[in-house]
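Printed here is coords_2.pdb (PDB, C-alpha atoms, pLDDT in the B column):
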```pdb
ATOM      1  CA  MET I   1    -122.427 136.043  56.320  1.00 64.00           C
ATOM      2  CA  ILE I   2    -121.657 136.536  59.998  1.00 65.00           C
ATOM      3  CA  GLU I   3    -124.443 134.110  60.885  1.00 65.00           C
ATOM      4  CA  THR I   4    -122.994 131.511  58.492  1.00 65.00           C
ATOM      5  CA  LEU I   5    -119.526 131.835  59.991  1.00 68.00           C
ATOM      6  CA  LYS I   6    -121.017 131.526  63.459  1.00 67.00           C
ATOM      7  CA  ASP I   7    -122.861 128.323  62.508  1.00 66.00           C
ATOM      8  CA  SER I   8    -119.686 126.939  60.920  1.00 69.00           C
ATOM      9  CA  ALA I   9    -117.725 127.648  64.093  1.00 76.00           C
ATOM     10  CA  ILE I  10    -120.419 125.890  66.132  1.00 73.00           C
ATOM     11  CA  VAL I  11    -120.260 122.833  63.871  1.00 70.00           C
ATOM     12  CA  ILE I  12    -116.454 122.676  64.075  1.00 77.00           C
ATOM     13  CA  GLY I  13    -116.608 123.044  67.835  1.00 75.00           C
ATOM     14  CA  ARG I  14    -119.142 120.236  68.090  1.00 75.00           C
ATOM     15  CA  ILE I  15    -116.987 117.931  65.955  1.00 76.00           C
ATOM     16  CA  VAL I  16    -113.939 118.662  68.128  1.00 76.00           C
ATOM     17  CA  THR I  17    -115.866 117.865  71.325  1.00 77.00           C
ATOM     18  CA  ILE I  18    -118.170 115.057  70.172  1.00 76.00           C
ATOM     19  CA  VAL I  19    -115.659 112.849  68.311  1.00 73.00           C
ATOM     20  CA  PRO I  20    -113.404 112.262  71.357  1.00 78.00           C
ATOM     21  CA  LEU I  21    -116.518 111.525  73.429  1.00 76.00           C
ATOM     22  CA  LEU I  22    -117.788 109.120  70.779  1.00 73.00           C
ATOM     23  CA  LEU I  23    -114.373 107.412  70.683  1.00 72.00           C
ATOM     24  CA  PHE I  24    -114.352 107.033  74.460  1.00 75.00           C
ATOM     25  CA  VAL I  25    -117.885 105.606  74.550  1.00 77.00           C
ATOM     26  CA  THR I  26    -117.124 103.190  71.698  1.00 69.00           C
ATOM     27  CA  ILE I  27    -114.035 101.891  73.540  1.00 71.00           C
ATOM     28  CA  PHE I  28    -116.128 101.636  76.701  1.00 72.00           C
ATOM     29  CA  MET I  29    -118.710  99.536  74.816  1.00 68.00           C
ATOM     30  CA  GLY I  30    -115.981  97.019  74.054  1.00 63.00           C
ATOM     31  CA  LYS I  31    -114.102  95.491  71.153  1.00 55.00           C
ATOM     32  CA  ARG I  32    -116.922  93.057  70.406  1.00 53.00           C
ATOM     33  CA  ALA I  33    -119.321  95.837  69.416  1.00 48.00           C
ATOM     34  CA  ILE I  34    -116.998  96.915  66.595  1.00 52.00           C
ATOM     35  CA  GLY I  35    -115.423  93.606  65.581  1.00 51.00           C
ATOM     36  CA  GLU I  36    -118.561  91.465  65.265  1.00 57.00           C
ATOM     37  CA  LEU I  37    -121.605  93.749  65.144  1.00 63.00           C
ATOM     38  CA  PRO I  38    -124.433  91.372  66.058  1.00 67.00           C
ATOM     39  CA  ILE I  39    -127.889  92.833  65.507  1.00 69.00           C
ATOM     40  CA  PHE I  40    -128.279  94.629  68.857  1.00 74.00           C
ATOM     41  CA  ASP I  41    -124.840  96.241  68.708  1.00 76.00           C
ATOM     42  CA  PHE I  42    -125.504  97.239  65.096  1.00 75.00           C
ATOM     43  CA  LEU I  43    -128.651  99.081  66.199  1.00 79.00           C
ATOM     44  CA  ILE I  44    -126.727 100.874  68.940  1.00 81.00           C
ATOM     45  CA  ILE I  45    -124.036 101.982  66.470  1.00 81.00           C
ATOM     46  CA  LEU I  46    -126.732 103.076  64.013  1.00 82.00           C
ATOM     47  CA  THR I  47    -128.465 105.130  66.724  1.00 86.00           C
ATOM     48  CA  LEU I  48    -125.182 106.716  67.798  1.00 84.00           C
ATOM     49  CA  GLY I  49    -124.523 107.724  64.193  1.00 85.00           C
ATOM     50  CA  ALA I  50    -127.979 109.282  63.861  1.00 86.00           C
ATOM     51  CA  VAL I  51    -127.633 111.222  67.140  1.00 86.00           C
ATOM     52  CA  VAL I  52    -124.152 112.522  66.331  1.00 85.00           C
ATOM     53  CA  GLY I  53    -125.059 113.315  62.727  1.00 85.00           C
ATOM     54  CA  ALA I  54    -128.084 115.371  63.749  1.00 83.00           C
ATOM     55  CA  ASP I  55    -126.054 117.232  66.381  1.00 81.00           C
ATOM     56  CA  ILE I  56    -123.284 118.178  63.954  1.00 81.00           C
ATOM     57  CA  ALA I  57    -125.548 119.022  60.999  1.00 79.00           C
ATOM     58  CA  ASP I  58    -128.003 121.235  62.892  1.00 81.00           C
ATOM     59  CA  PRO I  59    -126.463 123.947  65.106  1.00 78.00           C
ATOM     60  CA  SER I  60    -129.918 124.732  66.515  1.00 80.00           C
ATOM     61  CA  ILE I  61    -129.942 121.417  68.388  1.00 80.00           C
ATOM     62  CA  SER I  62    -128.758 121.719  71.969  1.00 83.00           C
ATOM     63  CA  HIS I  63    -125.284 120.184  72.252  1.00 80.00           C
ATOM     64  CA  PHE I  64    -125.310 118.970  75.869  1.00 85.00           C
ATOM     65  CA  PRO I  65    -128.319 116.592  75.525  1.00 85.00           C
ATOM     66  CA  THR I  66    -126.524 114.959  72.585  1.00 85.00           C
ATOM     67  CA  ALA I  67    -123.520 114.229  74.783  1.00 86.00           C
ATOM     68  CA  VAL I  68    -125.841 112.807  77.457  1.00 87.00           C
ATOM     69  CA  ALA I  69    -127.558 110.618  74.833  1.00 88.00           C
ATOM     70  CA  ILE I  70    -124.209 109.239  73.631  1.00 86.00           C
ATOM     71  CA  VAL I  71    -123.116 108.342  77.151  1.00 88.00           C
ATOM     72  CA  ALA I  72    -126.528 106.807  77.917  1.00 89.00           C
ATOM     73  CA  LEU I  73    -126.412 104.672  74.772  1.00 87.00           C
ATOM     74  CA  GLY I  74    -122.930 103.432  75.679  1.00 86.00           C
ATOM     75  CA  ILE I  75    -124.027 102.485  79.194  1.00 88.00           C
ATOM     76  CA  PHE I  76    -127.198 100.854  77.853  1.00 87.00           C
ATOM     77  CA  GLN I  77    -125.205  98.713  75.407  1.00 82.00           C
ATOM     78  CA  ARG I  78    -122.749  97.708  78.138  1.00 83.00           C
ATOM     79  CA  VAL I  79    -125.590  96.667  80.491  1.00 85.00           C
ATOM     80  CA  ILE I  80    -127.359  94.611  77.799  1.00 80.00           C
ATOM     81  CA  ALA I  81    -124.050  92.979  76.807  1.00 77.00           C
ATOM     82  CA  SER I  82    -123.519  91.938  80.441  1.00 80.00           C
ATOM     83  CA  TRP I  83    -127.052  90.531  80.624  1.00 79.00           C
ATOM     84  CA  LYS I  84    -126.463  88.562  77.432  1.00 73.00           C
ATOM     85  CA  ILE I  85    -123.387  86.963  78.975  1.00 71.00           C
ATOM     86  CA  SER I  86    -125.185  86.002  82.194  1.00 75.00           C
ATOM     87  CA  ASN I  87    -128.485  85.035  80.536  1.00 73.00           C
ATOM     88  CA  ARG I  88    -128.121  82.938  77.378  1.00 68.00           C
ATOM     89  CA  LYS I  89    -131.878  82.929  76.779  1.00 71.00           C
ATOM     90  CA  LEU I  90    -131.916  86.725  76.620  1.00 67.00           C
ATOM     91  CA  GLY I  91    -128.893  86.658  74.308  1.00 67.00           C
ATOM     92  CA  ARG I  92    -130.679  84.390  71.832  1.00 67.00           C
ATOM     93  CA  MET I  93    -133.792  86.573  71.936  1.00 67.00           C
ATOM     94  CA  ILE I  94    -132.025  89.764  70.821  1.00 67.00           C
ATOM     95  CA  THR I  95    -129.743  88.335  68.159  1.00 70.00           C
ATOM     96  CA  PHE I  96    -129.759  85.805  65.321  1.00 70.00           C
ATOM     97  CA  GLU I  97    -129.089  82.109  65.811  1.00 78.00           C
ATOM     98  CA  PRO I  98    -126.232  80.467  63.842  1.00 86.00           C
ATOM     99  CA  THR I  99    -127.664  78.587  60.839  1.00 90.00           C
ATOM    100  CA  VAL I 100    -126.203  75.541  59.074  1.00 93.00           C
ATOM    101  CA  VAL I 101    -126.347  76.206  55.316  1.00 93.00           C
ATOM    102  CA  VAL I 102    -124.167  73.366  53.990  1.00 93.00           C
ATOM    103  CA  LYS I 103    -123.914  69.842  55.393  1.00 92.00           C
ATOM    104  CA  ASP I 104    -121.904  67.009  53.821  1.00 90.00           C
ATOM    105  CA  GLY I 105    -121.512  69.106  50.680  1.00 90.00           C
ATOM    106  CA  LYS I 106    -125.279  69.644  50.314  1.00 91.00           C
ATOM    107  CA  ILE I 107    -126.797  73.115  50.278  1.00 93.00           C
ATOM    108  CA  LEU I 108    -129.746  73.379  52.657  1.00 92.00           C
ATOM    109  CA  ASP I 109    -132.107  75.612  50.689  1.00 89.00           C
ATOM    110  CA  GLU I 110    -134.765  75.675  53.415  1.00 89.00           C
ATOM    111  CA  ASN I 111    -132.262  77.202  55.833  1.00 90.00           C
ATOM    112  CA  LEU I 112    -131.104  79.650  53.158  1.00 90.00           C
ATOM    113  CA  ARG I 113    -134.665  80.838  52.606  1.00 89.00           C
ATOM    114  CA  ARG I 114    -135.188  81.282  56.332  1.00 87.00           C
ATOM    115  CA  ILE I 115    -132.236  83.664  56.685  1.00 87.00           C
ATOM    116  CA  ARG I 116    -132.788  85.203  53.220  1.00 87.00           C
ATOM    117  CA  TYR I 117    -129.413  84.244  51.773  1.00 90.00           C
ATOM    118  CA  SER I 118    -128.971  83.233  48.148  1.00 90.00           C
ATOM    119  CA  ILE I 119    -126.809  80.439  46.766  1.00 92.00           C
ATOM    120  CA  ASP I 120    -124.565  83.106  45.242  1.00 92.00           C
ATOM    121  CA  ASN I 121    -124.021  84.624  48.720  1.00 91.00           C
ATOM    122  CA  VAL I 122    -122.902  81.281  50.123  1.00 93.00           C
ATOM    123  CA  LEU I 123    -120.641  80.433  47.169  1.00 93.00           C
ATOM    124  CA  GLN I 124    -118.948  83.830  47.417  1.00 93.00           C
ATOM    125  CA  MET I 125    -118.396  83.457  51.153  1.00 93.00           C
ATOM    126  CA  LEU I 126    -116.967  79.969  50.624  1.00 94.00           C
ATOM    127  CA  ARG I 127    -114.518  81.320  48.026  1.00 93.00           C
ATOM    128  CA  GLN I 128    -113.423  83.936  50.551  1.00 93.00           C
ATOM    129  CA  LYS I 129    -112.592  80.990  52.822  1.00 92.00           C
ATOM    130  CA  ASP I 130    -110.520  79.405  50.008  1.00 91.00           C
ATOM    131  CA  VAL I 131    -113.188  76.777  49.350  1.00 92.00           C
ATOM    132  CA  PHE I 132    -113.986  76.377  45.653  1.00 92.00           C
ATOM    133  CA  ASP I 133    -115.753  73.021  45.694  1.00 91.00           C
ATOM    134  CA  LEU I 134    -118.764  72.051  47.844  1.00 92.00           C
ATOM    135  CA  ASN I 135    -117.423  68.496  47.971  1.00 89.00           C
ATOM    136  CA  ASP I 136    -114.731  69.835  50.317  1.00 91.00           C
ATOM    137  CA  VAL I 137    -117.281  71.094  52.874  1.00 93.00           C
ATOM    138  CA  ASP I 138    -118.385  69.033  55.849  1.00 92.00           C
ATOM    139  CA  THR I 139    -120.355  71.858  57.522  1.00 93.00           C
ATOM    140  CA  ALA I 140    -120.793  75.564  56.760  1.00 94.00           C
ATOM    141  CA  ILE I 141    -122.532  77.861  59.239  1.00 94.00           C
ATOM    142  CA  ILE I 142    -123.796  81.423  58.921  1.00 91.00           C
ATOM    143  CA  GLU I 143    -122.952  82.919  62.296  1.00 85.00           C
ATOM    144  CA  ALA I 144    -125.065  85.415  64.250  1.00 77.00           C
ATOM    145  CA  ASN I 145    -123.003  88.304  62.839  1.00 74.00           C
ATOM    146  CA  GLY I 146    -123.510  87.157  59.231  1.00 81.00           C
ATOM    147  CA  GLU I 147    -120.039  85.672  58.787  1.00 86.00           C
ATOM    148  CA  LEU I 148    -119.499  82.172  57.387  1.00 92.00           C
ATOM    149  CA  SER I 149    -117.657  79.466  59.329  1.00 92.00           C
ATOM    150  CA  VAL I 150    -116.484  76.404  57.420  1.00 94.00           C
ATOM    151  CA  PHE I 151    -115.484  72.967  58.651  1.00 92.00           C
ATOM    152  CA  LYS I 152    -113.830  71.084  55.816  1.00 90.00           C
ATOM    153  CA  MET I 153    -113.867  67.389  55.176  1.00 84.00           C
ATOM    154  CA  SER I 154    -111.048  65.806  57.170  1.00 71.00           C
ATOM    155  CA  HIS I 155    -109.051  64.842  54.074  1.00 61.00           C
ATOM    156  CA  LYS I 156    -109.271  68.444  52.802  1.00 56.00           C
ATOM    157  CA  ASN I 157    -107.741  70.122  55.856  1.00 55.00           C
ATOM    158  CA  THR I 158    -104.477  72.019  55.441  1.00 55.00           C
ATOM    159  CA  VAL I 159    -101.417  69.790  55.491  1.00 54.00           C
ATOM    160  CA  THR I 160     -99.075  70.365  58.437  1.00 49.00           C
ATOM    161  CA  LEU I 161     -95.350  69.637  58.733  1.00 43.00           C
ATOM    162  CA  GLU I 162     -96.267  66.373  60.451  1.00 47.00           C
ATOM    163  CA  ASP I 163     -98.112  65.336  57.318  1.00 53.00           C
ATOM    164  CA  MET I 164     -95.220  65.885  54.950  1.00 54.00           C
ATOM    165  CA  GLY I 165     -94.896  62.169  54.419  1.00 56.00           C
ATOM    166  CA  ILE I 166     -98.530  61.977  53.274  1.00 53.00           C
ATOM    167  CA  SER I 167     -99.456  62.772  49.686  1.00 49.00           C
ATOM    168  CA  LYS I 168    -101.846  65.675  49.455  1.00 50.00           C
ATOM    169  CA  ASN I 169    -104.639  65.803  46.917  1.00 54.00           C
ATOM    170  CA  THR I 170    -104.566  68.840  44.660  1.00 54.00           C
ATOM    171  CA  ALA I 171    -107.322  71.353  45.211  1.00 59.00           C
ATOM    172  CA  SER I 172    -110.201  71.417  42.767  1.00 69.00           C
ATOM    173  CA  LEU I 173    -112.089  74.345  41.278  1.00 85.00           C
ATOM    174  CA  ALA I 174    -115.793  73.624  40.810  1.00 90.00           C
ATOM    175  CA  LEU I 175    -118.008  75.698  38.530  1.00 92.00           C
ATOM    176  CA  PRO I 176    -121.830  75.675  38.539  1.00 93.00           C
ATOM    177  CA  VAL I 177    -123.530  73.805  35.713  1.00 94.00           C
ATOM    178  CA  ILE I 178    -127.048  74.046  37.154  1.00 94.00           C
ATOM    179  CA  MET I 179    -128.385  76.838  39.321  1.00 91.00           C
ATOM    180  CA  GLU I 180    -131.984  76.537  40.525  1.00 88.00           C
ATOM    181  CA  GLY I 181    -133.049  74.551  37.463  1.00 88.00           C
ATOM    182  CA  THR I 182    -131.086  76.605  34.899  1.00 92.00           C
ATOM    183  CA  ILE I 183    -128.321  74.876  32.920  1.00 94.00           C
ATOM    184  CA  TYR I 184    -125.077  76.795  32.325  1.00 94.00           C
ATOM    185  CA  HIS I 185    -124.057  75.496  28.893  1.00 93.00           C
ATOM    186  CA  ASP I 186    -120.941  77.683  28.762  1.00 94.00           C
ATOM    187  CA  VAL I 187    -119.505  75.831  31.771  1.00 93.00           C
ATOM    188  CA  LEU I 188    -120.215  72.477  30.103  1.00 94.00           C
ATOM    189  CA  ASN I 189    -118.447  73.695  26.968  1.00 93.00           C
ATOM    190  CA  GLN I 190    -115.491  74.876  29.026  1.00 92.00           C
ATOM    191  CA  TYR I 191    -114.954  71.304  30.229  1.00 92.00           C
ATOM    192  CA  ASN I 192    -115.743  69.838  26.788  1.00 93.00           C
ATOM    193  CA  LEU I 193    -118.955  68.342  28.133  1.00 94.00           C
ATOM    194  CA  ASN I 194    -122.503  68.397  26.766  1.00 93.00           C
ATOM    195  CA  GLN I 195    -126.063  68.048  27.983  1.00 91.00           C
ATOM    196  CA  THR I 196    -126.032  64.314  27.238  1.00 93.00           C
ATOM    197  CA  TRP I 197    -123.267  63.881  29.816  1.00 95.00           C
ATOM    198  CA  LEU I 198    -125.216  66.059  32.226  1.00 94.00           C
ATOM    199  CA  ASN I 199    -128.397  64.034  31.740  1.00 93.00           C
ATOM    200  CA  GLN I 200    -126.445  60.839  32.403  1.00 94.00           C
ATOM    201  CA  GLN I 201    -125.145  62.274  35.682  1.00 94.00           C
ATOM    202  CA  LEU I 202    -128.660  63.208  36.744  1.00 94.00           C
ATOM    203  CA  GLU I 203    -130.028  59.816  35.756  1.00 94.00           C
ATOM    204  CA  MET I 204    -127.324  58.042  37.768  1.00 93.00           C
ATOM    205  CA  ARG I 205    -128.572  59.947  40.814  1.00 91.00           C
ATOM    206  CA  ASN I 206    -132.259  59.259  40.110  1.00 92.00           C
ATOM    207  CA  VAL I 207    -133.050  62.902  39.418  1.00 92.00           C
ATOM    208  CA  LYS I 208    -136.224  62.960  37.338  1.00 89.00           C
ATOM    209  CA  SER I 209    -136.413  66.655  36.471  1.00 90.00           C
ATOM    210  CA  ILE I 210    -133.910  69.455  36.051  1.00 91.00           C
ATOM    211  CA  ASN I 211    -136.283  71.628  38.088  1.00 91.00           C
ATOM    212  CA  ASP I 212    -135.561  69.459  41.140  1.00 92.00           C
ATOM    213  CA  VAL I 213    -131.925  70.608  41.122  1.00 93.00           C
ATOM    214  CA  LEU I 214    -131.005  73.485  43.417  1.00 93.00           C
ATOM    215  CA  PHE I 215    -127.316  73.523  42.522  1.00 93.00           C
ATOM    216  CA  ALA I 216    -124.937  71.322  40.578  1.00 94.00           C
ATOM    217  CA  SER I 217    -121.277  71.790  39.748  1.00 94.00           C
ATOM    218  CA  VAL I 218    -118.387  70.051  38.047  1.00 94.00           C
ATOM    219  CA  ASN I 219    -114.722  70.491  38.899  1.00 91.00           C
ATOM    220  CA  ASN I 220    -111.555  70.226  36.833  1.00 87.00           C
ATOM    221  CA  LYS I 221    -111.409  66.495  37.604  1.00 88.00           C
ATOM    222  CA  LEU I 222    -114.893  66.179  36.057  1.00 91.00           C
ATOM    223  CA  GLU I 223    -116.330  65.232  39.438  1.00 91.00           C
ATOM    224  CA  PHE I 224    -120.035  66.025  39.556  1.00 94.00           C
ATOM    225  CA  HIS I 225    -121.708  67.490  42.639  1.00 92.00           C
ATOM    226  CA  ILE I 226    -125.429  68.037  43.144  1.00 93.00           C
ATOM    227  CA  SER I 227    -127.737  69.536  45.763  1.00 92.00           C
ATOM    228  CA  LEU I 228    -131.469  69.025  45.335  1.00 91.00           C
ATOM    229  CA  LYS I 229    -134.264  71.350  46.345  1.00 88.00           C
ATOM    230  CA  ASN I 230    -135.601  70.530  49.818  1.00 82.00           C
ATOM    231  CA  GLU I 231    -132.649  68.220  50.364  1.00 76.00           C
ATOM    232  CA  LYS I 232    -133.121  65.952  53.368  1.00 75.00           C
ATOM    233  CA  VAL I 233    -129.776  65.790  55.111  1.00 71.00           C
ATOM    234  CA  LEU I 234    -129.387  63.690  58.228  1.00 63.00           C
ATOM    235  CA  ASN I 235    -127.466  64.692  61.336  1.00 74.00           C
ATOM    236  CA  ILE I 236    -127.643  68.450  60.872  1.00 77.00           C
ATOM    237  CA  PRO I 237    -125.899  69.811  63.981  1.00 75.00           C
ATOM    238  CA  LYS I 238    -127.768  72.218  66.248  1.00 72.00           C
ATOM    239  CA  VAL I 239    -125.435  75.165  66.690  1.00 72.00           C
ATOM    240  CA  TYR I 240    -125.728  77.622  69.577  1.00 65.00           C
ATOM    241  CA  HIS I 241    -123.953  80.892  70.338  1.00 60.00           C
TER     242      HIS I 241
END
```
Can I see the file as structure tokens?
Amino acid sequence: MIETLKDSAIVIGRIVTIVPLLLFVTIFMGKRAIGELPIFDFLIILTLGAVVGADIADPSISHFPTAVAIVALGIFQRVIASWKISNRKLGRMITFEPTVVVKDGKILDENLRRIRYSIDNVLQMLRQKDVFDLNDVDTAIIEANGELSVFKMSHKNTVTLEDMGISKNTASLALPVIMEGTIYHDVLNQYNLNQTWLNQQLEMRNVKSINDVLFASVNNKLEFHISLKNEKVLNIPKVYH
């Protein structure tokens, strides 16, 4: 019992001393490490968590080396961050490159496969950006930290006070009718459409097989959008950090 109380007191004492130190080191590492978490900073945070967790959970571990490790990790991250700023080549080597996943409303499935994102991931991230129709997207980019940046078609940008004299098109909500070769008949029924209409849309676009379709959607204006597998899109921008 006495031994248990002693260990508990040690753990509480370690929490009281290590948390302020961890807070100080995190602030020292900089706002970027917490706000964006690129891959290198994520690994540093993960390592800090493992070191602190082991120190608090096991009273038999010497406390002072843990504090030294925390400070060393903070300094190491700060040095590497400075190198990344002064040496762009090094920065690209230890983090992910931004990847274009949508261009001119077309999903680039080859790029999605390379970064291991699914169509559902991209559609969800677009909805979080208030984009519900791929026809509205000029370019969408998965950034190095995993976030999605969206550049909308010029006529779909938010209207400003200066544009009050210009009529604004109402936003459209597009739902998937084909996902990787699978037809969603319930969406067709929702818009009072059928497979005959769908086949006509595919034929108009010279699509020979449903299996060639990566993604297709229809919005509330009955506008049909399609992205083919291995779509060849011209003028894909090369995006750097």
Query raised in the report: On this structure, which residues satisfy the PyMOL selection byres ((chain I and resi 115) around 10), written as a ChimeraX atom specification?
Result: /I:96-99,101,110-114,116-118,142,146
Requested in this report: Would you mind reading off the distance between CA of Phe215 in chain I and CA of Glu143 in chain I, one decimal, in Å?
Outcome: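 Separating CA of Phe215 in chain I from CA of Glu143 in chain I is a distance of 22.3 Å.
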**Report entry** Distance criterion (only C-alpha atoms): nearest to Thr182 in chain I out of I:Asn220, I:Leu123, I:Lys208, I:Leu214
**Finding:** I:Leu214
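Omitting Ala57 in chain I and its sequence neighbours fewer than 3 positions away, and counting all atoms listed in the file, the residues within 8 Å are Val11, Gly53 and Ala54 of chain I.
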Just-selected residues, C-alpha atoms written as a PDB file, keeping the file's coordinate frame:
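Contents of part.pdb, freshly written:
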```pdb
ATOM      1  CA  VAL I  11    -120.260 122.833  63.871  1.00 70.00           C
ATOM      2  CA  GLY I  53    -125.059 113.315  62.727  1.00 85.00           C
ATOM      3  CA  ALA I  54    -128.084 115.371  63.749  1.00 83.00           C
TER       4      ALA I  54
END
```
Query - Residues within 10 Å of Thr66 in chain I, only C-alpha atoms, excluding chain neighbours under 4 positions, as JSON, numbers by chain - result: {"I": [18, 48, 51, 52, 54, 55, 56, 61, 62, 70, 71, 72]}
Requested in this report: Write out as a count of residues only which residues come within 12 Å of His185 in chain I when counting all atoms listed in the file, dropping same-chain ones fewer than 2 positions away.
Outcome: 20
Set out as a tab-separated table a contact list for range 64-117 of chain I and range 232-238 of chain I with a cut-off of 9 Å, giving each residue of range 64-117 of chain I that qualifies its closest atom pair and distance in Å to one decimal, counting all atoms listed in the file, ordered by chain and rising residue number.
```
residue	atom	partner	partner_atom	distance
I:Pro98	CA	I:Lys238	CA	8.7
I:Thr99	CA	I:Lys238	CA	8.4
I:Val100	CA	I:Ile236	CA	7.5
I:Lys103	CA	I:Ile236	CA	6.8
I:Asp104	CA	I:Val233	CA	8.1
I:Lys106	CA	I:Val233	CA	7.6
I:Leu108	CA	I:Val233	CA	8.0
```
Could you expand the PyMOL selection byres ((chain I and resi 174) around 9) into the explicit residues it covers here, written as a JSON list (two decimals) with C-alpha atoms, keeping the file's coordinate frame?
```
[["chain", "number", "residue", "atom", "x", "y", "z"],
["I", 132, "PHE", "CA", -113.99, 76.38, 45.65],
["I", 133, "ASP", "CA", -115.75, 73.02, 45.69],
["I", 134, "LEU", "CA", -118.76, 72.05, 47.84],
["I", 135, "ASN", "CA", -117.42, 68.50, 47.97],
["I", 172, "SER", "CA", -110.20, 71.42, 42.77],
["I", 173, "LEU", "CA", -112.09, 74.34, 41.28],
["I", 175, "LEU", "CA", -118.01, 75.70, 38.53],
["I", 176, "PRO", "CA", -121.83, 75.68, 38.54],
["I", 217, "SER", "CA", -121.28, 71.79, 39.75],
["I", 218, "VAL", "CA", -118.39, 70.05, 38.05],
["I", 219, "ASN", "CA", -114.72, 70.49, 38.90],
["I", 220, "ASN", "CA", -111.56, 70.23, 36.83],
["I", 221, "LYS", "CA", -111.41, 66.50, 37.60],
["I", 222, "LEU", "CA", -114.89, 66.18, 36.06],
["I", 223, "GLU", "CA", -116.33, 65.23, 39.44],
["I", 224, "PHE", "CA", -120.04, 66.03, 39.56],
["I", 225, "HIS", "CA", -121.71, 67.49, 42.64]]
```
Query raised in the report: To one decimal place, how far is CA of Phe42 in chain I from CA of Ala67 in chain I in Å?
Result: 19.7 Å
Query - Distance of CA of Thr47 in chain I from CA of Pro59 in chain I, expressed in Å to one decimal place - result: 19.0 Å
Report task. Would you mind telling me which residue in I:Glu203, I:Glu180, I:Asp130, I:Glu147 lies nearest to Ser227 in chain I when using all atoms listed in the file? Result ->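 Going through I:Glu203, I:Glu180, I:Asp130, I:Glu147 one by one, the smallest distance to Ser227 in chain I is for I:Glu180.
Across I:Ala140, I:Val239, I:Met153, I:Val79, the tightest approach to Phe28 in chain I is made by I:Val79 when counting all atoms listed in the file.
Closest approach to Ile210 in chain I from the set I:Asp109, I:Ala50, I:Lys229, I:Gly181 is made by I:Gly181, with distances taken over only C-alpha atoms.
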Requested in this report: Check the smallest atom-to-atom distance from each of I:Val25, I:Thr95, I:Ile107, I:Lys84 to Ala69 in chain I using only C-alpha atoms, then report the winner.
Outcome: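 Residue with the minimum atom-to-atom distance to Ala69 in chain I: I:Val25.
With distances restricted to only C-alpha atoms, I:Ile27 is the closest residue to Gly74 in chain I from I:Ile12, I:Val102, I:Ile119, I:Ile27.
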What would range 48-60 of chain I look like with N, CA and C atoms restored, written as a short mmCIF file (atom, residue, chain, number, x, y, z; two decimals), in the frame of the given file?
```cif
data_model
loop_
_atom_site.label_atom_id
_atom_site.label_comp_id
_atom_site.auth_asym_id
_atom_site.auth_seq_id
_atom_site.Cartn_x
_atom_site.Cartn_y
_atom_site.Cartn_z
N LEU I 48 -126.24 105.76 67.49
CA LEU I 48 -125.18 106.72 67.80
C LEU I 48 -124.87 107.59 66.58
N GLY I 49 -124.80 106.97 65.41
CA GLY I 49 -124.52 107.72 64.19
C GLY I 49 -125.60 108.76 63.91
N ALA I 50 -126.86 108.36 64.11
CA ALA I 50 -127.98 109.28 63.86
C ALA I 50 -127.94 110.46 64.84
N VAL I 51 -127.67 110.17 66.12
CA VAL I 51 -127.63 111.22 67.14
C VAL I 51 -126.50 112.20 66.86
N VAL I 52 -125.31 111.67 66.59
CA VAL I 52 -124.15 112.52 66.33
C VAL I 52 -124.33 113.31 65.03
N GLY I 53 -124.86 112.64 64.00
CA GLY I 53 -125.06 113.32 62.73
C GLY I 53 -126.02 114.49 62.84
N ALA I 54 -127.11 114.29 63.56
CA ALA I 54 -128.08 115.37 63.75
C ALA I 54 -127.47 116.53 64.53
N ASP I 55 -126.67 116.20 65.54
CA ASP I 55 -126.05 117.23 66.38
C ASP I 55 -125.08 118.09 65.58
N ILE I 56 -124.28 117.44 64.73
CA ILE I 56 -123.28 118.18 63.95
C ILE I 56 -123.94 118.97 62.82
N ALA I 57 -124.95 118.39 62.18
CA ALA I 57 -125.55 119.02 61.00
C ALA I 57 -126.45 120.20 61.35
N ASP I 58 -127.03 120.19 62.54
CA ASP I 58 -128.00 121.24 62.89
C ASP I 58 -127.54 121.99 64.13
N PRO I 59 -126.95 123.17 63.95
CA PRO I 59 -126.46 123.95 65.11
C PRO I 59 -127.56 124.38 66.07
N SER I 60 -128.82 124.32 65.63
CA SER I 60 -129.92 124.73 66.52
C SER I 60 -130.23 123.69 67.59
#
```
